[in-house]
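First up is the structure itself, then whatever we jot down about it.
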There are 4 protein chains.
Amino acid sequence: MSRRLALVTGVGPGTGASIVRRLARGGYEVAMLARNEDRLLALEKEIPGTHAFAVDIGDEHAFHAVLDRITGTLGAPELVIHNAVAATFGNFMEVEPAALEQNLRTNVMSLLHLARKTAPAMVEAGHGAIIVTGNTSSWRGKSNYAAFAPTKAAQRILAESIARQLGPKGVHVAYLVIDAVIDLGWTRAKHPDKPDDFFIQPRDIAEEVWHVAHQPRGSWSFNVEVRPFGEYW
Amino acid sequence: MSRRLALVTGVGPGTGASIVRRLARGGYEVAMLARNEDRLLALEKEIPGTHAFAVDIGDEHAFHAVLDRITGTLGAPELVIHNAVAATFGNFMEVEPAALEQNLRTNVMSLLHLARKTAPAMVEAGHGAIIVTGNTSSWRGKSNYAAFAPTKAAQRILAESIARQLGPKGVHVAYLVIDAVIDLGWTRAKHPDKPDDFFIQPRDIAEEVWHVAHQPRGSWSFNVEVRPFGEYW
Amino acid sequence: MSRRLALVTGVGPGTGASIVRRLARGGYEVAMLARNEDRLLALEKEIPGTHAFAVDIGDEHAFHAVLDRITGTLGAPELVIHNAVAATFGNFMEVEPAALEQNLRTNVMSLLHLARKTAPAMVEAGHGAIIVTGNTSSWRGKSNYAAFAPTKAAQRILAESIARQLGPKGVHVAYLVIDAVIDLGWTRAKHPDKPDDFFIQPRDIAEEVWHVAHQPRGSWSFNVEVRPFGEYW
Amino acid sequence: MSRRLALVTGVGPGTGASIVRRLARGGYEVAMLARNEDRLLALEKEIPGTHAFAVDIGDEHAFHAVLDRITGTLGAPELVIHNAVAATFGNFMEVEPAALEQNLRTNVMSLLHLARKTAPAMVEAGHGAIIVTGNTSSWRGKSNYAAFAPTKAAQRILAESIARQLGPKGVHVAYLVIDAVIDLGWTRAKHPDKPDDFFIQPRDIAEEVWHVAHQPRGSWSFNVEVRPFGEYW
């Protein structure tokens, strides 16, 4: 395997696909994970050097099997982007406890599984990076985010714990807070009156992911935040 | 039922028991929850107005059954102290993923179940309080707390989400960060060379819980922190 | 001097006066500082054991002279409440730089002078407390608080630095964030349509100050926050 | 004036000079400010397109005069890097109050003066950036930083207030926390036993400043942090 391998979870039509495009353009072979196989296959056809792996990463056994398959066929990733996310909205009386459990599995447990599977090869190589995408829910719990904000906070703190363990071994872990509504079909439909400037572009997020993933090891960021210029915060 | 009812989870020999004593002394009937039935029965015998309910609150069905039993026999609690905690130490490669899952159940899911069961009666009464005890792991992820810190961060943010929902309805939710080693048999054994001042006393924690639980509704705290005077922070 | 002495800066008609009343009721002799002498003399007349010291604490020399006079006549305070505050509103283009300088003097420099004058006697006695009152501007900079938020952030961090120095010597320093509009004549006039519940009561703030000032030294808070139950945060 | 103009304060031999080099290499004309004129003249000679302006920015009148001179001769800067810093170490009893006042002038007041002078042209142009360099003292007050941490906290919060005002007008303000000891002659002398990896390189800081200053306006960072891979945090 002469090209560097990246692995991206949560490759939907928005941020995930943009990250894949940026990495492929930058010379990476990319293993793409998501539940929707058709979408992955279309991307695989469109972007050279990308590989579709359909899986529900909230299903621990299926996730492990796919990770083994990737390593077996493509080798060990030196860059991992954990972009998959499960979300449910509502206050603590409205959400089902099962929804919080499901979101914890996809957002938190899968990061632990992913890091445990991919970090050892990075540590052996003496370099590598794991970047997790998040949002302001990882910092605060608004009432309507009872089944979501706790999972992103747990994810951020887990990433921080992993970062502190892996940093001195040369492996970079970072957490990117996207403090904005991402420009997607469904978010446009939900905010029909907002100007273009209101939305953050997936390609801009991908550019920031690229930057952080390639910071020199003498100067790493852990907490990273991006928002459009007009965002109220 | 003429006396006010409080419910305390995690009634071990330290903080939990001290909170129970403080509440009983302050005039509450107290439902005590913990896994260790012998310990609860001993407390029940010792402290008038306390009631033992042995249960593993990480077991959702058993927990629901006990909460129903409490309501059926003692009525609706107007004060709930979530002090139960499950902890596992080690970095992300050392801990078992199952340990993180277990800690999420006991620390996070049980808070959601508890709040959903007990908040409606408080909202109907127009007053009540839910206090959760935590520690600095709820704010940061050190490398050796990979299976613990994420669960406390999720717990704090879930409490915050519940606080924002219940506040305007007159129900007070607060999160108490205990930034110190609690004075217990096993912590003394683990830190044999530390002076008495190094440890925080369960009775002092209980006093702060009492204070926060009884703040006038015009002046509530959500984030609360306590540490001994000599603590390095 | 058989009674304990407290010193309160910023004794206006609201929070300051309420704190003075609470302390006097709790058995303290109270040295009251503010610019408005008439108001102080009226309080002195009304509340036994209180003493008026009119001064602009932003004037370093006058402030030092008054502190010396207090110590000379009443002795060394064992409790100091820094409640004086200078505020100017507007964005960074609207405010005069001189306003920021003035607010830094009253809010930050005066805390340093006050602590340097009063802490040594507390350290020698092995106990004492310095409580500073603040607000959410100490945590974030909204655009209209360009000449105010920086001064409260500096004040909070200075208090934190002092707390870390004095804690191990038995002297308690805490910072109280009042996350609400205080119920005063001018704030009522500014928010004529708000219900009573919208405002935080000076007497409730005073009660929390009392609590924090008297926490046992095995269980101190540094960051303290209070807000009315209905506050949006 | 066909080339873009940048303005950098605090151009010493370390971070400041590295930022100047990076900006010049990237095509900027650079106005360099610092107290040490010899050093500035040497840089001016060495790096084409740089201009020396010796001044003590803590002296308000001299600072204003220099800013006017720059605008008059080189035009309006579209990129401003506030890197000047005044520091004094010691706990609150050891430091002179005058030292805190001086540090407030250089670190906080000068940022206000600088932003007021340079932002209007940026707003009129509809773009521009102001980047402030800081460190972890802007987030917390250790006991030995009594005359320094409050000034950096105030500076960060002032930058945040300015950012919120200028963002919607197309002008980007960011605060870069350098969580490490910078590799300089005097820091090497102070930490003779530390390995190279312990220090953060000025050129890496300059690279991050460049990145943040040129983020697309749909994806800006305000809080930015960098530290070497082995840093304990």
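Ordering of the structure tokens sets the chain letters (A, B, ...); residue numbers start at 1 within each chain; ligands are numbered from 1 in the order shown.
With only C-alpha atoms taken into account, chain B has Met93, Arg116, Gly141, Lys142, Ser143, Ala146, Pro150, Ala153, Ala154, Ile157, Leu158, Glu160, Ser161, Arg164 and Gln165 of chain B at most 6 Å from chain A.
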Can you list, as a PDB file with all heavy atoms, in the first residue's frame, every protein, DNA or RNA residue that comes within 6 Å of region 69-85 of chain A when you count only C-alpha atoms, leaving out same-chain residues fewer than 3 positions away?
ATOM      1  N   LEU A   5      -3.679   5.922   4.068  1.00  0.00           N
ATOM      2  CA  LEU A   5      -5.093   5.587   4.199  1.00  0.00           C
ATOM      3  C   LEU A   5      -5.778   6.449   5.263  1.00  0.00           C
ATOM      4  O   LEU A   5      -5.260   6.638   6.360  1.00  0.00           O
ATOM      5  CB  LEU A   5      -5.241   4.113   4.597  1.00  0.00           C
ATOM      6  CG  LEU A   5      -6.680   3.618   4.780  1.00  0.00           C
ATOM      7  CD1 LEU A   5      -7.455   3.654   3.463  1.00  0.00           C
ATOM      8  CD2 LEU A   5      -6.690   2.209   5.369  1.00  0.00           C
ATOM      9  N   ALA A   6      -6.954   6.960   4.909  1.00  0.00           N
ATOM     10  CA  ALA A   6      -7.801   7.662   5.878  1.00  0.00           C
ATOM     11  C   ALA A   6      -9.098   6.877   6.034  1.00  0.00           C
ATOM     12  O   ALA A   6      -9.505   6.136   5.126  1.00  0.00           O
ATOM     13  CB  ALA A   6      -8.097   9.081   5.422  1.00  0.00           C
ATOM     14  N   LEU A   7      -9.725   7.030   7.183  1.00  0.00           N
ATOM     15  CA  LEU A   7     -10.998   6.361   7.431  1.00  0.00           C
ATOM     16  C   LEU A   7     -11.986   7.422   7.916  1.00  0.00           C
ATOM     17  O   LEU A   7     -11.672   8.191   8.832  1.00  0.00           O
ATOM     18  CB  LEU A   7     -10.793   5.267   8.493  1.00  0.00           C
ATOM     19  CG  LEU A   7     -11.947   4.354   8.868  1.00  0.00           C
ATOM     20  CD1 LEU A   7     -11.401   3.090   9.554  1.00  0.00           C
ATOM     21  CD2 LEU A   7     -12.953   5.033   9.793  1.00  0.00           C
ATOM     22  N   VAL A   8     -13.154   7.470   7.309  1.00  0.00           N
ATOM     23  CA  VAL A   8     -14.146   8.478   7.679  1.00  0.00           C
ATOM     24  C   VAL A   8     -15.469   7.795   8.018  1.00  0.00           C
ATOM     25  O   VAL A   8     -16.013   7.049   7.195  1.00  0.00           O
ATOM     26  CB  VAL A   8     -14.379   9.494   6.527  1.00  0.00           C
ATOM     27  CG1 VAL A   8     -15.341  10.592   6.963  1.00  0.00           C
ATOM     28  CG2 VAL A   8     -13.059  10.098   6.053  1.00  0.00           C
ATOM     29  N   THR A   9     -16.005   8.063   9.213  1.00  0.00           N
ATOM     30  CA  THR A   9     -17.331   7.519   9.556  1.00  0.00           C
ATOM     31  C   THR A   9     -18.379   8.603   9.293  1.00  0.00           C
ATOM     32  O   THR A   9     -18.061   9.792   9.258  1.00  0.00           O
ATOM     33  CB  THR A   9     -17.433   7.110  11.044  1.00  0.00           C
ATOM     34  OG1 THR A   9     -17.439   8.302  11.862  1.00  0.00           O
ATOM     35  CG2 THR A   9     -16.282   6.206  11.450  1.00  0.00           C
ATOM     36  N   GLY A  10     -19.604   8.181   9.083  1.00  0.00           N
ATOM     37  CA  GLY A  10     -20.680   9.151   8.887  1.00  0.00           C
ATOM     38  C   GLY A  10     -20.602   9.852   7.540  1.00  0.00           C
ATOM     39  O   GLY A  10     -20.793  11.066   7.464  1.00  0.00           O
ATOM     40  N   VAL A  66     -16.188  -4.720  10.188  1.00  0.00           N
ATOM     41  CA  VAL A  66     -15.823  -3.820   9.095  1.00  0.00           C
ATOM     42  C   VAL A  66     -14.418  -3.252   9.294  1.00  0.00           C
ATOM     43  O   VAL A  66     -13.635  -3.159   8.344  1.00  0.00           O
ATOM     44  CB  VAL A  66     -16.863  -2.678   8.958  1.00  0.00           C
ATOM     45  CG1 VAL A  66     -16.235  -1.422   8.353  1.00  0.00           C
ATOM     46  CG2 VAL A  66     -18.025  -3.145   8.092  1.00  0.00           C
ATOM     47  N   ASN A 107     -22.459   7.741  19.169  1.00  0.00           N
ATOM     48  CA  ASN A 107     -21.581   8.904  19.325  1.00  0.00           C
ATOM     49  C   ASN A 107     -20.394   8.660  20.251  1.00  0.00           C
ATOM     50  O   ASN A 107     -19.317   9.217  20.031  1.00  0.00           O
ATOM     51  CB  ASN A 107     -22.396  10.102  19.829  1.00  0.00           C
ATOM     52  CG  ASN A 107     -23.549  10.440  18.888  1.00  0.00           C
ATOM     53  OD1 ASN A 107     -23.575   9.997  17.740  1.00  0.00           O
ATOM     54  ND2 ASN A 107     -24.525  11.205  19.360  1.00  0.00           N
ATOM     55  N   GLY A 128       0.015   9.857  13.382  1.00  0.00           N
ATOM     56  CA  GLY A 128      -1.371   9.560  13.037  1.00  0.00           C
ATOM     57  C   GLY A 128      -2.282  10.588  13.677  1.00  0.00           C
ATOM     58  O   GLY A 128      -1.829  11.390  14.495  1.00  0.00           O
ATOM     59  N   ALA A 129      -3.550  10.579  13.265  1.00  0.00           N
ATOM     60  CA  ALA A 129      -4.482  11.561  13.829  1.00  0.00           C
ATOM     61  C   ALA A 129      -5.896  11.006  13.883  1.00  0.00           C
ATOM     62  O   ALA A 129      -6.308  10.226  13.018  1.00  0.00           O
ATOM     63  CB  ALA A 129      -4.453  12.852  13.006  1.00  0.00           C
ATOM     64  N   ILE A 130      -6.608  11.408  14.917  1.00  0.00           N
ATOM     65  CA  ILE A 130      -8.027  11.074  15.076  1.00  0.00           C
ATOM     66  C   ILE A 130      -8.758  12.384  15.310  1.00  0.00           C
ATOM     67  O   ILE A 130      -8.494  13.090  16.285  1.00  0.00           O
ATOM     68  CB  ILE A 130      -8.254  10.127  16.281  1.00  0.00           C
ATOM     69  CG1 ILE A 130      -7.483   8.814  16.077  1.00  0.00           C
ATOM     70  CG2 ILE A 130      -9.743   9.865  16.483  1.00  0.00           C
ATOM     71  CD1 ILE A 130      -7.507   7.876  17.301  1.00  0.00           C
ATOM     72  N   ILE A 131      -9.659  12.736  14.399  1.00  0.00           N
ATOM     73  CA  ILE A 131     -10.401  13.995  14.512  1.00  0.00           C
ATOM     74  C   ILE A 131     -11.884  13.658  14.676  1.00  0.00           C
ATOM     75  O   ILE A 131     -12.434  12.876  13.917  1.00  0.00           O
ATOM     76  CB  ILE A 131     -10.251  14.868  13.237  1.00  0.00           C
ATOM     77  CG1 ILE A 131      -8.800  14.913  12.751  1.00  0.00           C
ATOM     78  CG2 ILE A 131     -10.839  16.252  13.450  1.00  0.00           C
ATOM     79  CD1 ILE A 131      -7.893  15.802  13.528  1.00  0.00           C
ATOM     80  N   VAL A 132     -12.511  14.270  15.660  1.00  0.00           N
ATOM     81  CA  VAL A 132     -13.930  14.036  15.924  1.00  0.00           C
ATOM     82  C   VAL A 132     -14.693  15.329  15.653  1.00  0.00           C
ATOM     83  O   VAL A 132     -14.263  16.396  16.090  1.00  0.00           O
ATOM     84  CB  VAL A 132     -14.153  13.595  17.388  1.00  0.00           C
ATOM     85  CG1 VAL A 132     -15.615  13.272  17.638  1.00  0.00           C
ATOM     86  CG2 VAL A 132     -13.256  12.401  17.735  1.00  0.00           C
ATOM     87  N   THR A 133     -15.800  15.226  14.934  1.00  0.00           N
ATOM     88  CA  THR A 133     -16.595  16.433  14.673  1.00  0.00           C
ATOM     89  C   THR A 133     -17.748  16.523  15.673  1.00  0.00           C
ATOM     90  O   THR A 133     -18.414  15.538  15.965  1.00  0.00           O
ATOM     91  CB  THR A 133     -17.173  16.446  13.244  1.00  0.00           C
ATOM     92  OG1 THR A 133     -18.001  15.295  13.054  1.00  0.00           O
ATOM     93  CG2 THR A 133     -16.068  16.441  12.203  1.00  0.00           C
TER      94      THR A 133
END
Please report, as a VMD selection string, each residue of region 21-213 of chain A to which DSSP assigns strand (DSSP E or B) when run on this structure's backbone. chain A and resid 29 to 34 50 to 54 79 to 82 90 128 to 134 145 171 to 178 181 to 182 199 to 200
Restricting it to N, CA and C atoms, dump the selection as a CSV table (one decimal), in the first residue's frame.
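As a result, part.csv now contains:
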chain,number,residue,atom,x,y,z
A,29,GLU,N,-6.0,7.6,0.2
A,29,GLU,CA,-7.0,6.5,-0.1
A,29,GLU,C,-8.0,6.6,1.1
A,30,VAL,N,-9.3,6.5,0.8
A,30,VAL,CA,-10.2,6.7,1.9
A,30,VAL,C,-11.2,5.6,2.0
A,31,ALA,N,-11.3,5.0,3.2
A,31,ALA,CA,-12.3,4.1,3.6
A,31,ALA,C,-13.5,4.9,4.1
A,32,MET,N,-14.7,4.7,3.5
A,32,MET,CA,-15.9,5.5,3.8
A,32,MET,C,-16.9,4.6,4.6
A,33,LEU,N,-17.3,5.0,5.7
A,33,LEU,CA,-18.3,4.2,6.5
A,33,LEU,C,-19.6,5.0,6.6
A,34,ALA,N,-20.7,4.3,6.4
A,34,ALA,CA,-22.0,4.9,6.7
A,34,ALA,C,-23.1,3.8,6.6
A,50,THR,N,-11.5,5.9,-3.3
A,50,THR,CA,-12.4,5.8,-2.1
A,50,THR,C,-13.0,4.4,-2.1
A,51,HIS,N,-13.4,3.9,-0.9
A,51,HIS,CA,-13.9,2.5,-0.8
A,51,HIS,C,-15.1,2.5,0.2
A,52,ALA,N,-16.2,1.9,-0.3
A,52,ALA,CA,-17.4,1.9,0.5
A,52,ALA,C,-17.5,0.8,1.5
A,53,PHE,N,-17.8,1.1,2.7
A,53,PHE,CA,-18.1,0.1,3.7
A,53,PHE,C,-19.4,0.4,4.5
A,54,ALA,N,-20.4,-0.2,4.0
A,54,ALA,CA,-21.7,0.1,4.6
A,54,ALA,C,-21.8,-0.7,6.0
A,79,LEU,N,-5.1,8.2,9.4
A,79,LEU,CA,-6.0,9.4,9.7
A,79,LEU,C,-7.4,8.9,9.9
A,80,VAL,N,-8.0,9.2,11.0
A,80,VAL,CA,-9.4,8.7,11.3
A,80,VAL,C,-10.3,9.9,11.6
A,81,ILE,N,-11.4,10.1,10.8
A,81,ILE,CA,-12.3,11.2,11.1
A,81,ILE,C,-13.6,10.5,11.6
A,82,HIS,N,-14.0,10.8,12.8
A,82,HIS,CA,-15.2,10.3,13.4
A,82,HIS,C,-16.3,11.3,13.2
A,90,GLY,N,-35.7,16.9,21.8
A,90,GLY,CA,-36.8,16.9,22.7
A,90,GLY,C,-36.3,17.0,24.1
A,128,GLY,N,0.0,9.9,13.4
A,128,GLY,CA,-1.4,9.6,13.0
A,128,GLY,C,-2.3,10.6,13.7
A,129,ALA,N,-3.6,10.6,13.3
A,129,ALA,CA,-4.5,11.6,13.8
A,129,ALA,C,-5.9,11.0,13.9
A,130,ILE,N,-6.6,11.4,14.9
A,130,ILE,CA,-8.0,11.1,15.1
A,130,ILE,C,-8.8,12.4,15.3
A,131,ILE,N,-9.7,12.7,14.4
A,131,ILE,CA,-10.4,14.0,14.5
A,131,ILE,C,-11.9,13.7,14.7
A,132,VAL,N,-12.5,14.3,15.7
A,132,VAL,CA,-13.9,14.0,15.9
A,132,VAL,C,-14.7,15.3,15.7
A,133,THR,N,-15.8,15.2,14.9
A,133,THR,CA,-16.6,16.4,14.7
A,133,THR,C,-17.7,16.5,15.7
A,134,GLY,N,-18.0,17.7,16.2
A,134,GLY,CA,-19.0,17.9,17.2
A,134,GLY,C,-19.7,19.3,17.0
A,145,TYR,N,-32.3,19.3,24.1
A,145,TYR,CA,-31.2,18.4,23.6
A,145,TYR,C,-30.9,17.3,24.7
A,171,VAL,N,0.6,10.8,18.4
A,171,VAL,CA,-0.7,10.7,17.7
A,171,VAL,C,-1.6,11.8,18.1
A,172,HIS,N,-2.1,12.6,17.2
A,172,HIS,CA,-2.9,13.8,17.4
A,172,HIS,C,-4.4,13.5,17.4
A,173,VAL,N,-5.0,13.9,18.5
A,173,VAL,CA,-6.5,13.8,18.6
A,173,VAL,C,-7.1,15.2,18.8
A,174,ALA,N,-8.1,15.5,18.0
A,174,ALA,CA,-8.7,16.9,18.1
A,174,ALA,C,-10.2,16.8,18.0
A,175,TYR,N,-10.9,17.8,18.6
A,175,TYR,CA,-12.3,17.8,18.6
A,175,TYR,C,-12.8,19.1,18.0
A,176,LEU,N,-13.5,19.0,16.9
A,176,LEU,CA,-13.9,20.2,16.1
A,176,LEU,C,-15.4,20.5,16.4
A,177,VAL,N,-15.6,21.7,17.0
A,177,VAL,CA,-17.0,22.1,17.3
A,177,VAL,C,-17.5,23.0,16.1
A,178,ILE,N,-18.5,22.5,15.5
A,178,ILE,CA,-19.1,23.3,14.4
A,178,ILE,C,-20.3,24.0,14.9
A,181,VAL,N,-25.4,26.0,11.7
A,181,VAL,CA,-26.2,25.0,10.9
A,181,VAL,C,-25.5,24.7,9.6
A,182,ILE,N,-25.3,23.4,9.4
A,182,ILE,CA,-24.6,23.0,8.1
A,182,ILE,C,-25.5,23.1,6.9
A,199,PHE,N,-25.6,29.6,6.9
A,199,PHE,CA,-25.1,28.2,6.9
A,199,PHE,C,-23.6,28.1,6.8
A,200,ILE,N,-23.1,27.1,7.4
A,200,ILE,CA,-21.7,26.8,7.3
A,200,ILE,C,-21.6,25.7,6.1
Once DSSP has gone over the backbone, tell me which residues of region 10-165 of chain D are in helix (DSSP H, G or I), as a count of residues only. 85
Would you pick out the contacts of Glu46 (chain D) at 12 Å or less, using only C-alpha atoms, so that residues sharing its chain but fewer than 4 positions from it are not included, and give the list as a compact mmCIF listing (two decimals) with N, CA, C and O atoms, in the first residue's frame?
# COMPACT_ATOMS: atom_id res chain seq x y z
N ALA D 17 8.84 38.07 15.42
CA ALA D 17 9.66 38.04 14.21
C ALA D 17 9.21 36.90 13.29
O ALA D 17 9.19 37.07 12.05
N VAL D 20 6.17 37.99 11.46
CA VAL D 20 6.54 38.95 10.41
C VAL D 20 7.09 38.22 9.19
O VAL D 20 6.69 38.49 8.05
N ARG D 21 7.99 37.28 9.42
CA ARG D 21 8.56 36.50 8.31
C ARG D 21 7.47 35.79 7.52
O ARG D 21 7.47 35.78 6.28
N ALA D 24 5.40 38.30 5.50
CA ALA D 24 6.16 38.85 4.38
C ALA D 24 6.26 37.80 3.27
O ALA D 24 6.05 38.09 2.08
N ARG D 39 16.48 46.19 17.05
CA ARG D 39 16.00 44.90 16.58
C ARG D 39 15.08 45.07 15.36
O ARG D 39 15.17 44.33 14.39
N LEU D 40 14.21 46.06 15.45
CA LEU D 40 13.29 46.30 14.33
C LEU D 40 14.06 46.70 13.06
O LEU D 40 13.74 46.25 11.95
N LEU D 41 15.07 47.54 13.24
CA LEU D 41 15.83 48.00 12.07
C LEU D 41 16.59 46.84 11.43
O LEU D 41 16.70 46.75 10.21
N ALA D 42 17.07 45.95 12.27
CA ALA D 42 17.77 44.77 11.73
C ALA D 42 16.80 43.91 10.91
O ALA D 42 17.14 43.43 9.82
N THR D 50 9.22 45.09 5.01
CA THR D 50 8.90 45.32 6.42
C THR D 50 9.35 46.73 6.82
O THR D 50 10.28 47.28 6.25
N HIS D 51 8.66 47.27 7.80
CA HIS D 51 8.88 48.66 8.19
C HIS D 51 8.92 48.78 9.71
O HIS D 51 7.99 48.34 10.39
N ALA D 52 9.98 49.36 10.23
CA ALA D 52 10.17 49.47 11.68
C ALA D 52 9.46 50.69 12.27
O ALA D 52 9.59 51.81 11.74
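If you measure from each of B:Arg3, B:Pro192, B:Trp220, B:Val226 to Gly27 (chain B) using only C-alpha atoms, the closest one turns out to be B:Arg3.
Nearest to Ala65 (chain D) of all the residues D:His211, D:Ala189, D:Pro216, D:Leu114 is D:Leu114, counting only C-alpha atoms.
Taking CA of Lys45 (chain D) and CA of Glu60 (chain D) as endpoints, the distance between them is 27.7 Å.
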